[in-house]
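K.L.:
One structure is given below, represented as structure tokens, and several questions about it will come after.
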Amino acid sequence: MKTGSLLSNEKLIPCVWTIGLAVLWEGVAFILAEIVQDQMAGMRLPYLHDILITLFQNAGFLAGASATTLSRAILGFAAGAAAGFLLAIAMSLYSRLEKALYPYLLLSQMIPILGLAPVVVSIVRKAQIGPYTIAASDITRVIIAGYITFFPVATNMLSGLKSVDRDKRNLMYSYAAGKPTVYAKLMIPFCVPYLFTGMKIAAPLAITASILVDSLGAAEGIGYNLTYALYTGAYPVFWASVLCSAALGIAGYSVAAFFERICLPWKTAVQKKEAGV
Amino acid sequence: MNSITERISSKDEIVMDKVGMTYQADGGKSVAALSEVSFSIHKGEFISLLGPSGCGKTTLLRIIADLIKPTTGKVLVAGDTPESARKSRKYGIVFQNSVLYDWRSVRANIQLPLEVMRVPKPEWKERIDSMLELVGLSDFGSHYPHQLSGGMQQRVSIARALAINPEILLMDEPFSALDEFTREKLHEDLLRIWRRTNKTIVFVTHNIAESAYLSDRVCVLSPHPGRLSAVVDVDLPRPRTAELRHKPEFHALVAKIRNSFEGV
């Protein structure tokens, strides 16, 4: 069947890419180590199979570090996405608020996260909530991840709210619907695809932010591993951590895309139709 | 001169009195989209607003629907303003593009006005079922709009408009984006639905044959400025069937409507 072969082709492409990349990696590593006989080959580009072996040997340790980084990123992502969502709605309700706030929002995105993170690190102190102590680095990770999530979610949501076509709103108007009803039944459902676009951009960024804060004075996490392994010359551990952080970023995007497919059954079908599948 | 309320006869559902609409164009120039339209629509009547683009037919429909306010003149709907008619939910509107909510299934789209207007929940299922049956889409309730053809989407749009049982159905070039075959099929269906529901229908179109086939009376609007240039009575017998399209009296009527345009 034609559709069958198309489908299997689609699944085949990433497989071919992955295998190709692995072969290329091993090849270049071989050239570095054996042909060029680079003394630093183990640091510059160790064999992929060495890294994978390290990955499995340190699986528990790396998984723990990944979990630390990921959980903070998720908390920050959730907080940032919620704030971006609510602010976009507030801005669409009050155009004055949008006019007043938007330049600052844009400005906030011009401050490099690399410059901002140390400032936040130096300001934030550990917090005591009841019997629990929350480490300053945890709070920082959540803040930075939230900060970086907020903007793409807010701007995408706002552009969605602005693209609701006139007759869709006229229909609600003809029903004499109040503002809360219009938002609940039209504006917000209409914007869900825009919201997901923002979240798919933000998810890997939030993980990057969390990794960055790890390396700026936290005592655990993937980012900490990266820095520490690099200083101590544990290159296989360093490279294994790099693979872990890449996997986290891809996982972040995939989870957002997965929820998008679940939440937007009509949209997925439309895309398939448009792609001619 | 009689006041507008005195001239209203009891059978009048919508009364327009010197309705005008002027837009401020760029550079301070004002453009008259509609000028001094006076006309009455009876209860249960099928009226077409016919004219070329720029004649103000859609503007007039939107004024009746209270989507825009006229700059001059007055409209009364059942003796009250369009705003209070809209707020008391007298209108069902069918737009040119079906304006279905993509994230809702066909059933959920028809359910939308029931939710918004707080129709008691136990009534929903029966009402939606009967609407689906009315427009011939009983098997498509769980489909999403994008899975339907243009004609089917417009049927859903009609079902949604009728779900709250409004007194007046306002249709803004509802079939203009459809192919000829689908359009003619929908004409039959619309007439059948109209017979069963006895709604007052105001139907905007630029298609002369369409207005002749469907209407009791055709309001002919001419452009620059948009004005009512004639009202043509359609004295073709009902129920009308597809064969009517081939009959000489139908063609004579189409010619009569065509000749009533001014300055086109």
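By convention in this document, the chains of the structure tokens carry letters A, B, ... by their order, each chain's residues are numbered from 1, and ligands are numbered from 1 in the order they are shown.
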Output as a tab-separated table one row per residue of chain A within 8 Å of chain B: the closest atom pair and its distance in Å to one decimal place, counting only C-alpha atoms, sorted by chain and residue number ascending.
P.N.:
```
residue	atom	partner	partner_atom	distance
A:Asp167	CA	B:Val99	CA	6.6
A:Lys168	CA	B:Val99	CA	5.9
A:Asn170	CA	B:Leu67	CA	6.9
A:Leu171	CA	B:Ile93	CA	7.4
A:Tyr173	CA	B:Leu67	CA	7.7
A:Ser174	CA	B:Arg86	CA	6.0
A:Tyr175	CA	B:Arg89	CA	6.3
A:Ala176	CA	B:Lys87	CA	5.4
A:Ala177	CA	B:Val116	CA	6.5
A:Thr181	CA	B:Val116	CA	7.1
A:Leu186	CA	B:Tyr101	CA	7.9
A:Pro189	CA	B:Trp103	CA	7.2
A:Phe190	CA	B:Trp103	CA	7.5
A:Leu264	CA	B:Trp103	CA	7.4
A:Trp266	CA	B:Trp103	CA	6.1
A:Lys267	CA	B:Trp103	CA	7.8
A:Val270	CA	B:His146	CA	6.9
```
K.L.:
Going by DSSP on the backbone, which residues of range 30-235 of chain B come out as alpha helix (DSSP H)? List them as a ChimeraX atom specification.
P.N.:
/B:57-64,82-87,106-116,124-134,150-162,180-197,208-214
K.L.:
For range 211-213 of chain A, find every residue with an atom within 7 Å (counting only C-alpha atoms), except residues of its own chain fewer than 4 positions away, and show them as an mmCIF file with N, CA and C atoms, in the first residue's frame.
P.N.:
```
data_model
loop_
_atom_site.group_PDB
_atom_site.id
_atom_site.type_symbol
_atom_site.label_atom_id
_atom_site.label_comp_id
_atom_site.auth_asym_id
_atom_site.auth_seq_id
_atom_site.Cartn_x
_atom_site.Cartn_y
_atom_site.Cartn_z
ATOM 1 N N THR A 69 17.571 18.341 37.687
ATOM 2 C CA THR A 69 17.500 19.426 36.713
ATOM 3 C C THR A 69 16.098 19.519 36.106
ATOM 4 N N ALA A 117 21.278 35.201 35.088
ATOM 5 C CA ALA A 117 21.290 34.096 36.055
ATOM 6 C C ALA A 117 22.193 34.376 37.271
ATOM 7 N N ARG A 141 16.739 28.084 39.967
ATOM 8 C CA ARG A 141 16.437 27.298 38.767
ATOM 9 C C ARG A 141 14.991 27.509 38.328
ATOM 10 N N ILE A 207 14.626 23.885 30.131
ATOM 11 C CA ILE A 207 15.617 22.883 30.541
ATOM 12 C C ILE A 207 17.031 23.465 30.428
ATOM 13 N N ALA A 218 25.160 25.514 41.888
ATOM 14 C CA ALA A 218 24.383 24.453 42.518
ATOM 15 C C ALA A 218 25.326 23.302 42.851
ATOM 16 N N ILE A 222 22.503 18.097 36.167
ATOM 17 C CA ILE A 222 23.275 17.807 34.965
ATOM 18 C C ILE A 222 24.300 18.901 34.672
ATOM 19 N N GLY A 223 23.902 20.135 34.861
ATOM 20 C CA GLY A 223 24.805 21.255 34.600
ATOM 21 C C GLY A 223 26.016 21.229 35.526
#
```
K.L.:
For CA of Gly84 in chain A and CA of Lys126 in chain A, quote the distance in Å rounded to one decimal.
P.N.:
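Rounded to one decimal, the two atoms are 25.6 Å apart.
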K.L.:
Could you tell me how far CA of Leu106 in chain A lies from CA of Phe150 in chain A, in Å and to one decimal?
P.N.:
11.6 Å
K.L.:
For Asp233 in chain B, find every residue with an atom within 10 Å (counting only C-alpha atoms), except residues of its own chain fewer than 6 positions away, and show them as a PyMOL selection string.
P.N.:
chain B and resi 47+212+215-219+253+257
K.L.:
So that I have them on file, write out the residues from the current selection with C-alpha atoms, as a PDB file, in the first residue's frame.
P.N.:
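That gives us out-v2.pdb:
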```pdb
ATOM      1  CA  ILE B  47     -37.002  38.169   1.914  1.00  0.00           C
ATOM      2  CA  ALA B 212     -36.051  34.527  -7.345  1.00  0.00           C
ATOM      3  CA  SER B 215     -38.042  34.478  -1.871  1.00  0.00           C
ATOM      4  CA  ASP B 216     -41.503  35.877  -1.364  1.00  0.00           C
ATOM      5  CA  ARG B 217     -40.161  39.308  -2.214  1.00  0.00           C
ATOM      6  CA  VAL B 218     -36.794  40.476  -3.529  1.00  0.00           C
ATOM      7  CA  CYS B 219     -35.373  43.806  -2.339  1.00  0.00           C
ATOM      8  CA  LEU B 253     -39.163  36.841 -13.254  1.00  0.00           C
ATOM      9  CA  ILE B 257     -35.515  41.512 -11.364  1.00  0.00           C
TER      10      ILE B 257
END
```
K.L.:
Env of Leu190 in chain B: 9 Å cut, atoms = only C-alpha atoms, seq-sep filter 6 positions within chain, self excluded. Answer as a VMD selection string.
P.N.:
chain B and resid 135 158 214
K.L.:
From a DSSP calculation on the backbone, collect every residue of range 13-78 of chain B in strand (DSSP E or B) and output the set as a ChimeraX atom specification.
P.N.:
/B:13-24,30-42,46-50,72-77
K.L.:
List as a list in words the protein and nucleic acid residues near range 156-165 of chain A, meaning an atom at most 7 Å away when only C-alpha atoms are counted, but skip any in the same chain fewer than 3 places from it.
P.N.:
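Listed by chain and then number, they are Phe85, Ala88, Ser92, Pro152, Val153, Lys168, Arg169, Met187, Cys191, Tyr194, Leu195, Thr197 and Gly198 of chain A.
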K.L.:
Near Ile14 in chain B, within 8 Å and counting only C-alpha atoms, which residues show up once chain neighbours fewer than 5 positions away are dropped, as a list in words?
P.N.:
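Listing them by chain and then by number gives Ser40, Ile41, His42, Lys43, Val75, Leu76, Val77, Ala78 and Gly79 of chain B.
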K.L.:
Please save C-alpha atoms of the selected residues as a CSV table (one decimal), in the first residue's frame.
P.N.:
```
chain,number,residue,atom,x,y,z
B,40,SER,CA,-41.0,46.3,6.1
B,41,ILE,CA,-40.6,42.6,6.4
B,42,HIS,CA,-43.6,40.5,7.4
B,43,LYS,CA,-43.6,37.8,10.0
B,75,VAL,CA,-34.9,49.8,12.6
B,76,LEU,CA,-37.6,48.2,14.7
B,77,VAL,CA,-37.8,44.4,15.3
B,78,ALA,CA,-41.1,43.3,16.7
B,79,GLY,CA,-41.6,46.9,17.8
```
K.L.:
Considering only C-alpha atoms, can you say which of A:Leu97, A:Ala206, A:Leu230, A:Leu55 comes closest to Ala145 in chain A?
P.N.:
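Selected residue with least distance to Ala145 in chain A: A:Ala206.
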